[in-house]
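Notes to accompany the following structure.
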Protein chains: 2
Amino acid sequence: MKNVLAEIIVIGDEILYGQKLDTNSHWISGELDKIGVRVIRVTAVGDWEDQILAAFEEAESRAQVVLITGGLGPTSDDLTKPCLAKYFNTGLSMNDEVLKDVTAYLKSKGREMTELNRNQALFPDGGRAIRNKNGTAPGIWMERNGKIFISMPGVPREMKEMMRREILPSLQSRFQTLVIYHKIVNTVGIGESWLADAIRGWEEALPKFIRLAYLPSPGFVKLRLTATGDDMEAVKQAVDIQVENLKKLVGGYIYGYDNALLEEEVGKTLVSLNKTAAFAESCSGGYLSHLITTIPGCSEYFKGSIVCYHNDVKVKTLGVKKETLAAHGAVSEQTVREMAENVRKILEADFGVAVSGIAGPGGGTAEKPVGTVWIALADESQTIAKKLQLGDDRLINIRLSAVNALNLLRQRLNQKL
Amino acid sequence: MKNVLAEIIVIGDEILYGQKLDTNSHWISGELDKIGVRVIRVTAVGDWEDQILAAFEEAESRAQVVLITGGLGPTSDDLTKPCLAKYFNTGLSMNDEVLKDVTAYLKSKGREMTELNRNQALFPDGGRAIRNKNGTAPGIWMERNGKIFISMPGVPREMKEMMRREILPSLQSRFQTLVIYHKIVNTVGIGESWLADAIRGWEEALPKFIRLAYLPSPGFVKLRLTATGDDMEAVKQAVDIQVENLKKLVGGYIYGYDNALLEEEVGKTLVSLNKTAAFAESCSGGYLSHLITTIPGCSEYFKGSIVCYHNDVKVKTLGVKKETLAAHGAVSEQTVREMAENVRKILEADFGVAVSGIAGPGGGTAEKPVGTVWIALADESQTIAKKLQLGDDRLINIRLSAVNALNLLRQRLNQKL
């Protein structure tokens, strides 16, 4: 496999003055990594011709492929296109194909063609235009002495569409990189170090052409398997065998693969079982409901929630017994069980899920410190409750209570499949 | 004012392989901008000695101050410290002060001192140690020929604490930058271009020593005024006068200053009025409740919500009339008014806020396309309803409906102050 080296140049004053967080280079790095192109440097420079030209020259001296984002807009502080023309010692001419695209794009949005927009069709001679399906500025592909410069707009949606449709496939076929296959195994409910312990033997026995990466985030750990080889089918098969072995070890924690979202998988399972869910949320404050409603089509299986932040709401709207609250408190197994059972009945759902806890920073006691959370799930045959002991960060506690409650629902649903 | 130029170097393979998003350079750029130090380049390189040394040399050739994050951990792939020593042609010796700090830190966490941890106290000769209050790796301040290298851990919490406590004040006094005063004016409910139109005259008449920046995000536009001068009191006063003038133009859209959050300001006003709120959420799906419950202490003024995603819940739990739904649909002024009025009564709150709309991508019709959202607010004397026409992105529609509903509550509360 040829070792193809790339650099990324991000252009824009707003990046250097701390006004805008650059996420493009992160995304591009990840995508290039998947096709076996190695990013060796990311450089951010301002909207200054001398800085931009210097960055071009330095990047060309080290890398074969230089990917550029930003500075492609229609206004005078957008310098990438004139800089590229200057760097490649070429002129700018009106490009009819691009002009047609810009005209059609503006028409589809009901907007007038302006002089500034017309200028977007001025294109460096000798360059290849990359169509922009989500905006007016085309991408630019320039080559010289085996070095490739690719310039893209800074708007993530426009950049990503160009990369996926045209740039990544072009680079992959151009450099005939080995086939690369990625499989991401998504786990929930097990910490990174416990997971690593549980799969140590499996990990150590992985064949050399399969690399493993742990990608943790609050509540989740993703395992990314990256395999390289000559034949895609053989590589896929080898990875699939490893994933099957992994499932035998930690299958209960796996909720999906690749870009799967926990809330989406739970929704799919509810659809396949033709069942509905409803939530009663205290400390999670609506975040569990928010998670499930981010998925289009959730109205098929999500009835609704009662966010019972105040104890009055727990009693009057949700029907939790006053005596239960008095005897055990709002953060208790008894209360959270009643919450789950009652919300299931009141909202007429098949599954009721409830969360009650102390998100912090205040409200903790010696017996129930900040981070104490009870979650429960009720269905027609039983109610399950579980205690979590989380940390002291309010926002992370809100997220982790919701994720754990969703995982409790997932586990129960899987028993019914 | 001297023009102090800085560069930032981010070290770590995980950045270049797309495994980790670098947010440190964005935060550092913003903080340096505030004290008048201008970042001219950000460079990310991998964990390779030759790459790191090359980046040091290049940055030194352009800037006076080089800030480095990452690569300070205790393991062998953490190269920043040995690279700094090599670059400054100096050795590493055990630093007793640092060793004391590391020992105390580990003790406070109940952890054992290991050989790897002991090595964190190995320190480049001639460097100044910057204490790390949140971890074991100290920061390093090195100087040569008027050039300053500052190395910090990559963990954001550790880096930010060092910057705030020691590095930013040191740089400010060292370069005797002019005093700089920032005031951020937070607006909601007005688009960037409308806002710019409304304040054009004011903006053009700003004195030269006050710069204005527009910082937009979905639903919000922040206006940052940055003033420089010799005397802090005079500068503050000049900015305050401009803010007062701004309030006369667009005061109704201003919800707070600097780091104020809309949900926090609404909470404070509810507290000062000794009033409570409750929400009925359809398309926002719990996100409005989530926003208000991110603020500690919200139990004082937030009773709870009914997330009435399914129409059954709107009717049975929230008491919306079947006839209203049949005649006007769930996304209508009539329905959202009943939702707001009913949730206020059922949850016994002073203010009821309701949201119903089509978040998309499905569910739109010619008459009510995706992005059609009704919001309403009910109190003891009246009910107000408002229609929004948002775009076609589900997540942004969820966010914008919640923000607009919260703003409706803010506006009504302000009338009662």
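As shown in the structure tokens, the chain order sets the letters A, B, ...; within each chain, residues go from 1, and ligands are also counted from 1 in the order they appear.
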
Could you give me, as JSON lines, a per-residue list for chain B showing, wherever an atom lies at most 8 Å from an atom of chain A, the closest pair of atoms and their distance in Å to one decimal, using only C-alpha atoms and sorting by chain then residue number from low to high?
```
{"residue": "B:Ile15", "atom": "CA", "partner": "A:His26", "partner_atom": "CA", "distance": 6.9}
{"residue": "B:Leu16", "atom": "CA", "partner": "A:Val39", "partner_atom": "CA", "distance": 5.7}
{"residue": "B:Tyr17", "atom": "CA", "partner": "A:Ser29", "partner_atom": "CA", "distance": 5.4}
{"residue": "B:Gly18", "atom": "CA", "partner": "A:Gly30", "partner_atom": "CA", "distance": 3.9}
{"residue": "B:Gln19", "atom": "CA", "partner": "A:Gly30", "partner_atom": "CA", "distance": 6.7}
{"residue": "B:Lys20", "atom": "CA", "partner": "A:His26", "partner_atom": "CA", "distance": 7.2}
{"residue": "B:Leu21", "atom": "CA", "partner": "A:His26", "partner_atom": "CA", "distance": 5.7}
{"residue": "B:Asp22", "atom": "CA", "partner": "A:His26", "partner_atom": "CA", "distance": 7.7}
{"residue": "B:Thr23", "atom": "CA", "partner": "A:Leu21", "partner_atom": "CA", "distance": 7.0}
{"residue": "B:Ser25", "atom": "CA", "partner": "A:Gly18", "partner_atom": "CA", "distance": 7.9}
{"residue": "B:His26", "atom": "CA", "partner": "A:Gly18", "partner_atom": "CA", "distance": 4.9}
{"residue": "B:Trp27", "atom": "CA", "partner": "A:Gly18", "partner_atom": "CA", "distance": 6.1}
{"residue": "B:Ile28", "atom": "CA", "partner": "A:Gly18", "partner_atom": "CA", "distance": 7.2}
{"residue": "B:Ser29", "atom": "CA", "partner": "A:Gly18", "partner_atom": "CA", "distance": 4.6}
{"residue": "B:Gly30", "atom": "CA", "partner": "A:Gly18", "partner_atom": "CA", "distance": 3.8}
{"residue": "B:Glu31", "atom": "CA", "partner": "A:Gly18", "partner_atom": "CA", "distance": 7.6}
{"residue": "B:Asp33", "atom": "CA", "partner": "A:Tyr17", "partner_atom": "CA", "distance": 5.9}
{"residue": "B:Arg38", "atom": "CA", "partner": "A:Tyr17", "partner_atom": "CA", "distance": 7.4}
{"residue": "B:Val39", "atom": "CA", "partner": "A:Leu16", "partner_atom": "CA", "distance": 5.7}
{"residue": "B:Ile40", "atom": "CA", "partner": "A:Val45", "partner_atom": "CA", "distance": 6.4}
{"residue": "B:Arg41", "atom": "CA", "partner": "A:Val45", "partner_atom": "CA", "distance": 5.0}
{"residue": "B:Val42", "atom": "CA", "partner": "A:Ala44", "partner_atom": "CA", "distance": 4.9}
{"residue": "B:Thr43", "atom": "CA", "partner": "A:Thr43", "partner_atom": "CA", "distance": 4.5}
{"residue": "B:Ala44", "atom": "CA", "partner": "A:Val42", "partner_atom": "CA", "distance": 4.9}
{"residue": "B:Val45", "atom": "CA", "partner": "A:Arg41", "partner_atom": "CA", "distance": 5.0}
{"residue": "B:Gly46", "atom": "CA", "partner": "A:Ile40", "partner_atom": "CA", "distance": 6.6}
{"residue": "B:Leu215", "atom": "CA", "partner": "A:Gln19", "partner_atom": "CA", "distance": 7.2}
{"residue": "B:Ser284", "atom": "CA", "partner": "A:His290", "partner_atom": "CA", "distance": 7.6}
{"residue": "B:Gly285", "atom": "CA", "partner": "A:His290", "partner_atom": "CA", "distance": 5.2}
{"residue": "B:Gly286", "atom": "CA", "partner": "A:Gly286", "partner_atom": "CA", "distance": 4.4}
{"residue": "B:Tyr287", "atom": "CA", "partner": "A:His290", "partner_atom": "CA", "distance": 5.3}
{"residue": "B:Leu288", "atom": "CA", "partner": "A:Gly286", "partner_atom": "CA", "distance": 7.8}
{"residue": "B:Ser289", "atom": "CA", "partner": "A:Gly286", "partner_atom": "CA", "distance": 5.3}
{"residue": "B:His290", "atom": "CA", "partner": "A:Gly286", "partner_atom": "CA", "distance": 4.9}
{"residue": "B:Thr293", "atom": "CA", "partner": "A:Gly285", "partner_atom": "CA", "distance": 5.6}
{"residue": "B:Thr294", "atom": "CA", "partner": "A:Leu395", "partner_atom": "CA", "distance": 6.5}
{"residue": "B:Pro296", "atom": "CA", "partner": "A:Pro361", "partner_atom": "CA", "distance": 6.7}
{"residue": "B:Gly297", "atom": "CA", "partner": "A:Gly362", "partner_atom": "CA", "distance": 7.6}
{"residue": "B:Ser299", "atom": "CA", "partner": "A:His310", "partner_atom": "CA", "distance": 6.4}
{"residue": "B:Phe302", "atom": "CA", "partner": "A:Tyr309", "partner_atom": "CA", "distance": 7.0}
{"residue": "B:Lys303", "atom": "CA", "partner": "A:His310", "partner_atom": "CA", "distance": 4.9}
{"residue": "B:Gly304", "atom": "CA", "partner": "A:Tyr309", "partner_atom": "CA", "distance": 4.9}
{"residue": "B:Ser305", "atom": "CA", "partner": "A:Val307", "partner_atom": "CA", "distance": 4.7}
{"residue": "B:Ile306", "atom": "CA", "partner": "A:Ile306", "partner_atom": "CA", "distance": 4.7}
{"residue": "B:Val307", "atom": "CA", "partner": "A:Ser305", "partner_atom": "CA", "distance": 4.7}
{"residue": "B:Cys308", "atom": "CA", "partner": "A:Gly304", "partner_atom": "CA", "distance": 4.9}
{"residue": "B:Tyr309", "atom": "CA", "partner": "A:Gly304", "partner_atom": "CA", "distance": 4.9}
{"residue": "B:His310", "atom": "CA", "partner": "A:Lys303", "partner_atom": "CA", "distance": 4.9}
{"residue": "B:Asp312", "atom": "CA", "partner": "A:Lys303", "partner_atom": "CA", "distance": 7.9}
{"residue": "B:Val313", "atom": "CA", "partner": "A:Leu347", "partner_atom": "CA", "distance": 6.1}
{"residue": "B:Thr317", "atom": "CA", "partner": "A:Leu347", "partner_atom": "CA", "distance": 7.2}
{"residue": "B:Ile346", "atom": "CA", "partner": "A:Thr317", "partner_atom": "CA", "distance": 7.4}
{"residue": "B:Leu347", "atom": "CA", "partner": "A:Val313", "partner_atom": "CA", "distance": 6.1}
{"residue": "B:Gly360", "atom": "CA", "partner": "A:Pro296", "partner_atom": "CA", "distance": 7.0}
{"residue": "B:Pro361", "atom": "CA", "partner": "A:Pro296", "partner_atom": "CA", "distance": 6.7}
{"residue": "B:Gly362", "atom": "CA", "partner": "A:Pro296", "partner_atom": "CA", "distance": 7.4}
{"residue": "B:Arg394", "atom": "CA", "partner": "A:Thr294", "partner_atom": "CA", "distance": 7.4}
{"residue": "B:Leu395", "atom": "CA", "partner": "A:Thr294", "partner_atom": "CA", "distance": 6.5}
```

| Selection: 9 Å around stretch 121-132 of chain B, only C-alpha atoms, excl. self and same-chain fewer than 4 positions, as an MDAnalysis selection string | chainID B and resid 81:82 84:85 88 90:102 117 136:143 152:153 158:159 161:162 166:167

| said: Residues near A:Gly251, anyone? I mean within 12 Å using only C-alpha atoms, not counting same-chain ones fewer than 6 positions away, as an MDAnalysis selection string. | reply: chainID A and resid 185:190 195 198:199 243:245 257 411 414

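You can rank B:Tyr253, B:Leu318, B:Pro218, B:Leu246 by their closest distance to B:Gly391 using only C-alpha atoms, and at the top of that list sits B:Pro218.
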
| note | A:Tyr105 proximity check over A:Lys133, A:Leu212, A:Thr228, A:Ile148, using only C-alpha atoms: winner is A:Lys133

| request: Work out how far atom CA of B:Val239 is from atom CA of B:Arg412, in Å to one decimal. | output: 28.6 Å

Go through stretch 52-295 of chain A and collect every residue that DSSP, computed from the backbone, puts in alpha helix (DSSP H); the answer should be as a short mmCIF file (atom, residue, chain, number, x, y, z; two decimals) with N, CA and C atoms, in the first residue's frame.
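Contents of the output file result21.cif:
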```cif
data_model
loop_
_atom_site.label_atom_id
_atom_site.label_comp_id
_atom_site.auth_asym_id
_atom_site.auth_seq_id
_atom_site.Cartn_x
_atom_site.Cartn_y
_atom_site.Cartn_z
N ILE A 52 -1.84 32.72 3.11
CA ILE A 52 -2.44 31.60 2.39
C ILE A 52 -1.43 30.99 1.42
N LEU A 53 -0.73 31.85 0.67
CA LEU A 53 0.25 31.35 -0.30
C LEU A 53 1.40 30.61 0.42
N ALA A 54 1.82 31.14 1.57
CA ALA A 54 2.88 30.47 2.32
C ALA A 54 2.41 29.09 2.78
N ALA A 55 1.17 29.02 3.25
CA ALA A 55 0.65 27.73 3.72
C ALA A 55 0.56 26.73 2.57
N PHE A 56 0.18 27.20 1.37
CA PHE A 56 0.12 26.32 0.19
C PHE A 56 1.52 25.72 -0.07
N GLU A 57 2.51 26.60 -0.08
CA GLU A 57 3.86 26.17 -0.42
C GLU A 57 4.40 25.17 0.59
N GLU A 58 4.19 25.47 1.87
CA GLU A 58 4.68 24.57 2.91
C GLU A 58 3.99 23.21 2.83
N ALA A 59 2.69 23.23 2.63
CA ALA A 59 1.95 21.97 2.58
C ALA A 59 2.41 21.14 1.37
N GLU A 60 2.61 21.81 0.23
CA GLU A 60 3.02 21.08 -0.97
C GLU A 60 4.39 20.43 -0.77
N SER A 61 5.24 21.06 0.04
CA SER A 61 6.58 20.51 0.25
C SER A 61 6.55 19.21 1.06
N ARG A 62 5.47 18.96 1.78
CA ARG A 62 5.41 17.78 2.65
C ARG A 62 4.43 16.73 2.18
N THR A 80 -9.48 32.42 -1.35
CA THR A 80 -8.92 31.13 -1.73
C THR A 80 -8.78 30.98 -3.25
N LYS A 81 -9.82 31.36 -3.99
CA LYS A 81 -9.80 31.17 -5.43
C LYS A 81 -8.71 32.01 -6.11
N PRO A 82 -8.68 33.34 -5.86
CA PRO A 82 -7.57 34.10 -6.46
C PRO A 82 -6.19 33.60 -6.00
N CYS A 83 -6.08 33.15 -4.76
CA CYS A 83 -4.78 32.65 -4.29
C CYS A 83 -4.39 31.38 -5.05
N LEU A 84 -5.36 30.50 -5.25
CA LEU A 84 -5.07 29.26 -5.99
C LEU A 84 -4.61 29.58 -7.40
N ALA A 85 -5.32 30.52 -8.05
CA ALA A 85 -4.96 30.90 -9.43
C ALA A 85 -3.54 31.46 -9.45
N LYS A 86 -3.23 32.31 -8.49
CA LYS A 86 -1.90 32.90 -8.42
C LYS A 86 -0.84 31.82 -8.17
N TYR A 87 -1.15 30.93 -7.22
CA TYR A 87 -0.19 29.88 -6.84
C TYR A 87 0.08 28.95 -8.03
N ASP A 96 -18.86 28.07 -17.97
CA ASP A 96 -20.28 27.99 -18.29
C ASP A 96 -21.02 26.94 -17.48
N GLU A 97 -20.37 25.80 -17.28
CA GLU A 97 -21.01 24.74 -16.50
C GLU A 97 -21.33 25.23 -15.09
N VAL A 98 -20.34 25.88 -14.49
CA VAL A 98 -20.53 26.37 -13.12
C VAL A 98 -21.62 27.44 -13.11
N LEU A 99 -21.60 28.33 -14.11
CA LEU A 99 -22.60 29.40 -14.16
C LEU A 99 -24.01 28.81 -14.25
N LYS A 100 -24.12 27.71 -15.03
CA LYS A 100 -25.42 27.04 -15.14
C LYS A 100 -25.86 26.50 -13.77
N ASP A 101 -24.90 25.89 -13.05
CA ASP A 101 -25.21 25.35 -11.72
C ASP A 101 -25.64 26.45 -10.76
N VAL A 102 -24.88 27.55 -10.75
CA VAL A 102 -25.20 28.65 -9.83
C VAL A 102 -26.57 29.21 -10.14
N THR A 103 -26.84 29.40 -11.44
CA THR A 103 -28.14 29.94 -11.86
C THR A 103 -29.27 29.01 -11.41
N ALA A 104 -29.09 27.71 -11.65
CA ALA A 104 -30.13 26.75 -11.28
C ALA A 104 -30.31 26.72 -9.76
N TYR A 105 -29.20 26.79 -9.02
CA TYR A 105 -29.30 26.73 -7.56
C TYR A 105 -30.08 27.93 -7.03
N LEU A 106 -29.73 29.14 -7.53
CA LEU A 106 -30.42 30.34 -7.05
C LEU A 106 -31.89 30.29 -7.42
N LYS A 107 -32.17 29.80 -8.64
CA LYS A 107 -33.56 29.71 -9.07
C LYS A 107 -34.36 28.80 -8.14
N SER A 108 -33.76 27.67 -7.78
CA SER A 108 -34.46 26.71 -6.92
C SER A 108 -34.77 27.31 -5.56
N GLU A 115 -24.36 40.24 -9.21
CA GLU A 115 -23.02 40.30 -9.78
C GLU A 115 -22.05 39.44 -8.95
N LEU A 116 -22.21 39.52 -7.63
CA LEU A 116 -21.34 38.73 -6.74
C LEU A 116 -21.52 37.24 -7.00
N ASN A 117 -22.78 36.82 -7.19
CA ASN A 117 -23.03 35.41 -7.45
C ASN A 117 -22.46 34.98 -8.80
N ARG A 118 -22.58 35.87 -9.79
CA ARG A 118 -22.02 35.57 -11.11
C ARG A 118 -20.53 35.29 -11.01
N PRO A 156 -20.05 23.26 6.34
CA PRO A 156 -19.87 21.81 6.48
C PRO A 156 -20.77 20.99 5.55
N ARG A 157 -22.02 21.40 5.42
CA ARG A 157 -22.96 20.62 4.62
C ARG A 157 -22.51 20.57 3.15
N GLU A 158 -22.02 21.70 2.63
CA GLU A 158 -21.57 21.75 1.23
C GLU A 158 -20.29 20.93 1.07
N MET A 159 -19.37 21.11 2.01
CA MET A 159 -18.08 20.42 1.95
C MET A 159 -18.26 18.90 2.01
N LYS A 160 -19.10 18.45 2.96
CA LYS A 160 -19.25 17.00 3.15
C LYS A 160 -19.88 16.33 1.93
N GLU A 161 -20.85 17.01 1.33
CA GLU A 161 -21.50 16.42 0.16
C GLU A 161 -20.50 16.25 -0.98
N MET A 162 -19.66 17.26 -1.20
CA MET A 162 -18.62 17.17 -2.25
C MET A 162 -17.62 16.07 -1.97
N LEU A 168 -13.60 11.92 -2.23
CA LEU A 168 -13.09 10.67 -1.63
C LEU A 168 -12.99 9.55 -2.65
N PRO A 169 -14.04 9.32 -3.48
CA PRO A 169 -13.91 8.27 -4.50
C PRO A 169 -12.76 8.56 -5.48
N SER A 170 -12.59 9.82 -5.88
CA SER A 170 -11.50 10.15 -6.81
C SER A 170 -10.14 9.84 -6.19
N LEU A 171 -9.96 10.21 -4.93
CA LEU A 171 -8.67 9.97 -4.28
C LEU A 171 -8.42 8.46 -4.16
N GLN A 172 -9.46 7.75 -3.80
CA GLN A 172 -9.31 6.32 -3.58
C GLN A 172 -8.91 5.60 -4.88
N SER A 173 -9.56 5.98 -5.99
CA SER A 173 -9.22 5.29 -7.24
C SER A 173 -7.87 5.79 -7.75
N ARG A 174 -7.57 7.06 -7.54
CA ARG A 174 -6.32 7.62 -8.01
C ARG A 174 -5.10 6.95 -7.38
N PHE A 175 -5.18 6.76 -6.06
CA PHE A 175 -4.00 6.23 -5.36
C PHE A 175 -4.06 4.72 -5.18
N GLU A 192 -15.27 2.10 29.65
CA GLU A 192 -14.19 1.74 28.73
C GLU A 192 -13.24 0.69 29.33
N SER A 193 -12.87 0.88 30.61
CA SER A 193 -11.86 -0.04 31.17
C SER A 193 -12.46 -1.42 31.43
N TRP A 194 -13.74 -1.45 31.83
CA TRP A 194 -14.40 -2.76 32.00
C TRP A 194 -14.53 -3.48 30.66
N LEU A 195 -14.88 -2.71 29.66
CA LEU A 195 -15.01 -3.29 28.32
C LEU A 195 -13.65 -3.84 27.87
N ALA A 196 -12.61 -3.04 28.08
CA ALA A 196 -11.28 -3.48 27.66
C ALA A 196 -10.88 -4.77 28.38
N ASP A 197 -11.20 -4.86 29.68
CA ASP A 197 -10.91 -6.08 30.43
C ASP A 197 -11.68 -7.27 29.86
N ALA A 198 -12.96 -7.01 29.55
CA ALA A 198 -13.82 -8.11 29.11
C ALA A 198 -13.40 -8.67 27.75
N ARG A 200 -10.15 -8.39 26.42
CA ARG A 200 -8.70 -8.38 26.26
C ARG A 200 -8.19 -9.54 25.41
N GLY A 201 -8.66 -10.73 25.73
CA GLY A 201 -8.20 -11.91 25.00
C GLY A 201 -8.54 -11.83 23.52
N TRP A 202 -9.77 -11.38 23.25
CA TRP A 202 -10.23 -11.22 21.86
C TRP A 202 -9.37 -10.19 21.14
N GLU A 203 -9.09 -9.07 21.83
CA GLU A 203 -8.32 -7.98 21.23
C GLU A 203 -6.91 -8.45 20.89
N GLU A 204 -6.31 -9.19 21.83
CA GLU A 204 -4.93 -9.63 21.61
C GLU A 204 -4.82 -10.64 20.46
N MET A 232 -12.08 -6.86 -0.99
CA MET A 232 -13.08 -6.35 -0.06
C MET A 232 -13.89 -7.45 0.59
N GLU A 233 -14.29 -8.46 -0.21
CA GLU A 233 -15.14 -9.50 0.35
C GLU A 233 -14.41 -10.27 1.46
N ALA A 234 -13.15 -10.58 1.21
CA ALA A 234 -12.36 -11.32 2.21
C ALA A 234 -12.18 -10.50 3.48
N VAL A 235 -11.93 -9.20 3.29
CA VAL A 235 -11.72 -8.32 4.44
C VAL A 235 -12.99 -8.21 5.28
N LYS A 236 -14.12 -8.01 4.59
CA LYS A 236 -15.40 -7.91 5.28
C LYS A 236 -15.69 -9.16 6.09
N GLN A 237 -15.44 -10.29 5.43
CA GLN A 237 -15.71 -11.58 6.09
C GLN A 237 -14.88 -11.73 7.35
N ALA A 238 -13.61 -11.36 7.26
CA ALA A 238 -12.73 -11.49 8.42
C ALA A 238 -13.22 -10.61 9.57
N VAL A 239 -13.67 -9.39 9.23
CA VAL A 239 -14.18 -8.50 10.28
C VAL A 239 -15.47 -9.06 10.87
N ASP A 240 -16.34 -9.55 10.01
CA ASP A 240 -17.61 -10.09 10.49
C ASP A 240 -17.40 -11.24 11.48
N ILE A 241 -16.41 -12.07 11.19
CA ILE A 241 -16.11 -13.19 12.11
C ILE A 241 -15.70 -12.64 13.48
N GLN A 242 -14.84 -11.60 13.46
CA GLN A 242 -14.40 -11.01 14.73
C GLN A 242 -15.57 -10.39 15.49
N VAL A 243 -16.48 -9.75 14.74
CA VAL A 243 -17.64 -9.13 15.40
C VAL A 243 -18.52 -10.21 16.04
N GLU A 244 -18.66 -11.33 15.34
CA GLU A 244 -19.44 -12.44 15.92
C GLU A 244 -18.81 -12.92 17.22
N ASN A 245 -17.48 -13.04 17.22
CA ASN A 245 -16.78 -13.46 18.45
C ASN A 245 -16.96 -12.44 19.56
N LEU A 246 -16.92 -11.16 19.18
CA LEU A 246 -17.09 -10.08 20.15
C LEU A 246 -18.48 -10.15 20.79
N LYS A 247 -19.49 -10.44 19.95
CA LYS A 247 -20.86 -10.52 20.46
C LYS A 247 -20.99 -11.59 21.54
N LYS A 248 -20.22 -12.67 21.38
CA LYS A 248 -20.30 -13.72 22.40
C LYS A 248 -19.80 -13.22 23.75
N LEU A 249 -18.87 -12.27 23.72
CA LEU A 249 -18.30 -11.77 24.96
C LEU A 249 -19.13 -10.65 25.59
N VAL A 250 -19.56 -9.69 24.77
CA VAL A 250 -20.21 -8.49 25.32
C VAL A 250 -21.48 -8.11 24.55
N LEU A 262 -28.71 4.91 19.71
CA LEU A 262 -29.47 4.12 20.66
C LEU A 262 -30.96 4.43 20.55
N GLU A 263 -31.31 5.73 20.46
CA GLU A 263 -32.72 6.12 20.42
C GLU A 263 -33.39 5.61 19.14
N GLU A 264 -32.61 5.50 18.07
CA GLU A 264 -33.14 5.01 16.81
C GLU A 264 -33.38 3.49 16.89
N GLU A 265 -32.44 2.78 17.48
CA GLU A 265 -32.56 1.33 17.60
C GLU A 265 -33.74 0.96 18.48
N VAL A 266 -33.90 1.69 19.60
CA VAL A 266 -35.04 1.44 20.47
C VAL A 266 -36.34 1.67 19.70
N GLY A 267 -36.36 2.75 18.92
CA GLY A 267 -37.55 3.03 18.11
C GLY A 267 -37.85 1.92 17.12
N LYS A 268 -36.82 1.42 16.43
CA LYS A 268 -37.02 0.35 15.46
C LYS A 268 -37.58 -0.90 16.12
N THR A 269 -37.05 -1.21 17.31
CA THR A 269 -37.53 -2.40 18.00
C THR A 269 -38.98 -2.23 18.42
N LEU A 270 -39.33 -1.03 18.91
CA LEU A 270 -40.74 -0.78 19.27
C LEU A 270 -41.64 -0.96 18.05
N VAL A 271 -41.20 -0.46 16.89
CA VAL A 271 -41.99 -0.61 15.67
C VAL A 271 -42.16 -2.09 15.34
N SER A 272 -41.05 -2.85 15.42
CA SER A 272 -41.13 -4.25 15.01
C SER A 272 -42.00 -5.05 15.98
N LEU A 273 -42.08 -4.61 17.23
CA LEU A 273 -42.95 -5.30 18.20
C LEU A 273 -44.36 -4.70 18.19
N TYR A 287 -35.03 15.39 28.90
CA TYR A 287 -33.97 15.04 27.96
C TYR A 287 -34.18 13.66 27.33
N LEU A 288 -34.75 12.74 28.10
CA LEU A 288 -35.07 11.41 27.56
C LEU A 288 -36.09 11.54 26.43
N SER A 289 -37.11 12.37 26.66
CA SER A 289 -38.12 12.61 25.62
C SER A 289 -37.48 13.28 24.41
N HIS A 290 -36.59 14.23 24.68
CA HIS A 290 -35.90 14.90 23.57
C HIS A 290 -35.12 13.89 22.73
N LEU A 291 -34.40 12.98 23.39
CA LEU A 291 -33.62 11.98 22.65
C LEU A 291 -34.51 11.19 21.70
N ILE A 292 -35.61 10.67 22.22
CA ILE A 292 -36.43 9.79 21.38
C ILE A 292 -37.13 10.58 20.27
N THR A 293 -37.41 11.87 20.52
CA THR A 293 -38.11 12.65 19.50
C THR A 293 -37.16 13.30 18.48
#
```

| said: At a cut-off of 8 Å, using only C-alpha atoms, what residues contact A:Lys387? Leave out same-chain residues fewer than 3 positions from it and give the result as a PyMOL selection string. | reply: chain A and resi 333+372-375

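The interatomic distance for the pair atom CA of A:Phe149 and atom CA of A:Leu67 works out to 6.0 Å.
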
| task | Could you check how far atom CA of B:Tyr255 sits from atom CA of B:Arg399, in Å to one decimal? | result | 17.4 Å

| Which one is closest to B:Ala385: B:Val336, B:Val315, B:Leu413, B:Glu367? Count only C-alpha atoms. |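 Smallest separation from B:Ala385 among the options: B:Val336.
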
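Residues in contact with B:Gly371 at 8 Å, where only C-alpha atoms are counted and same-chain residues fewer than 3 positions away are skipped, are listed as Gly357, Ile358, Ala359, Gly360, Leu388, Gln389, Leu390, Gly391, Asp392 and Asn397 of chain B.
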
| request: From stretch 196-353 of chain A, collect each residue whose DSSP state is strand (DSSP E) and return the set as a ChimeraX atom specification. | output: /A:210-217,220-229,254-257,277-281,302-307,351-353

| Which polymer residues have any atom within 9 Å of an atom of B:Glu341, counting only C-alpha atoms, with same-chain residues fewer than 5 positions away left out, as number ranges by chain? | B: 336, 346, 351-354, 376-379, 383
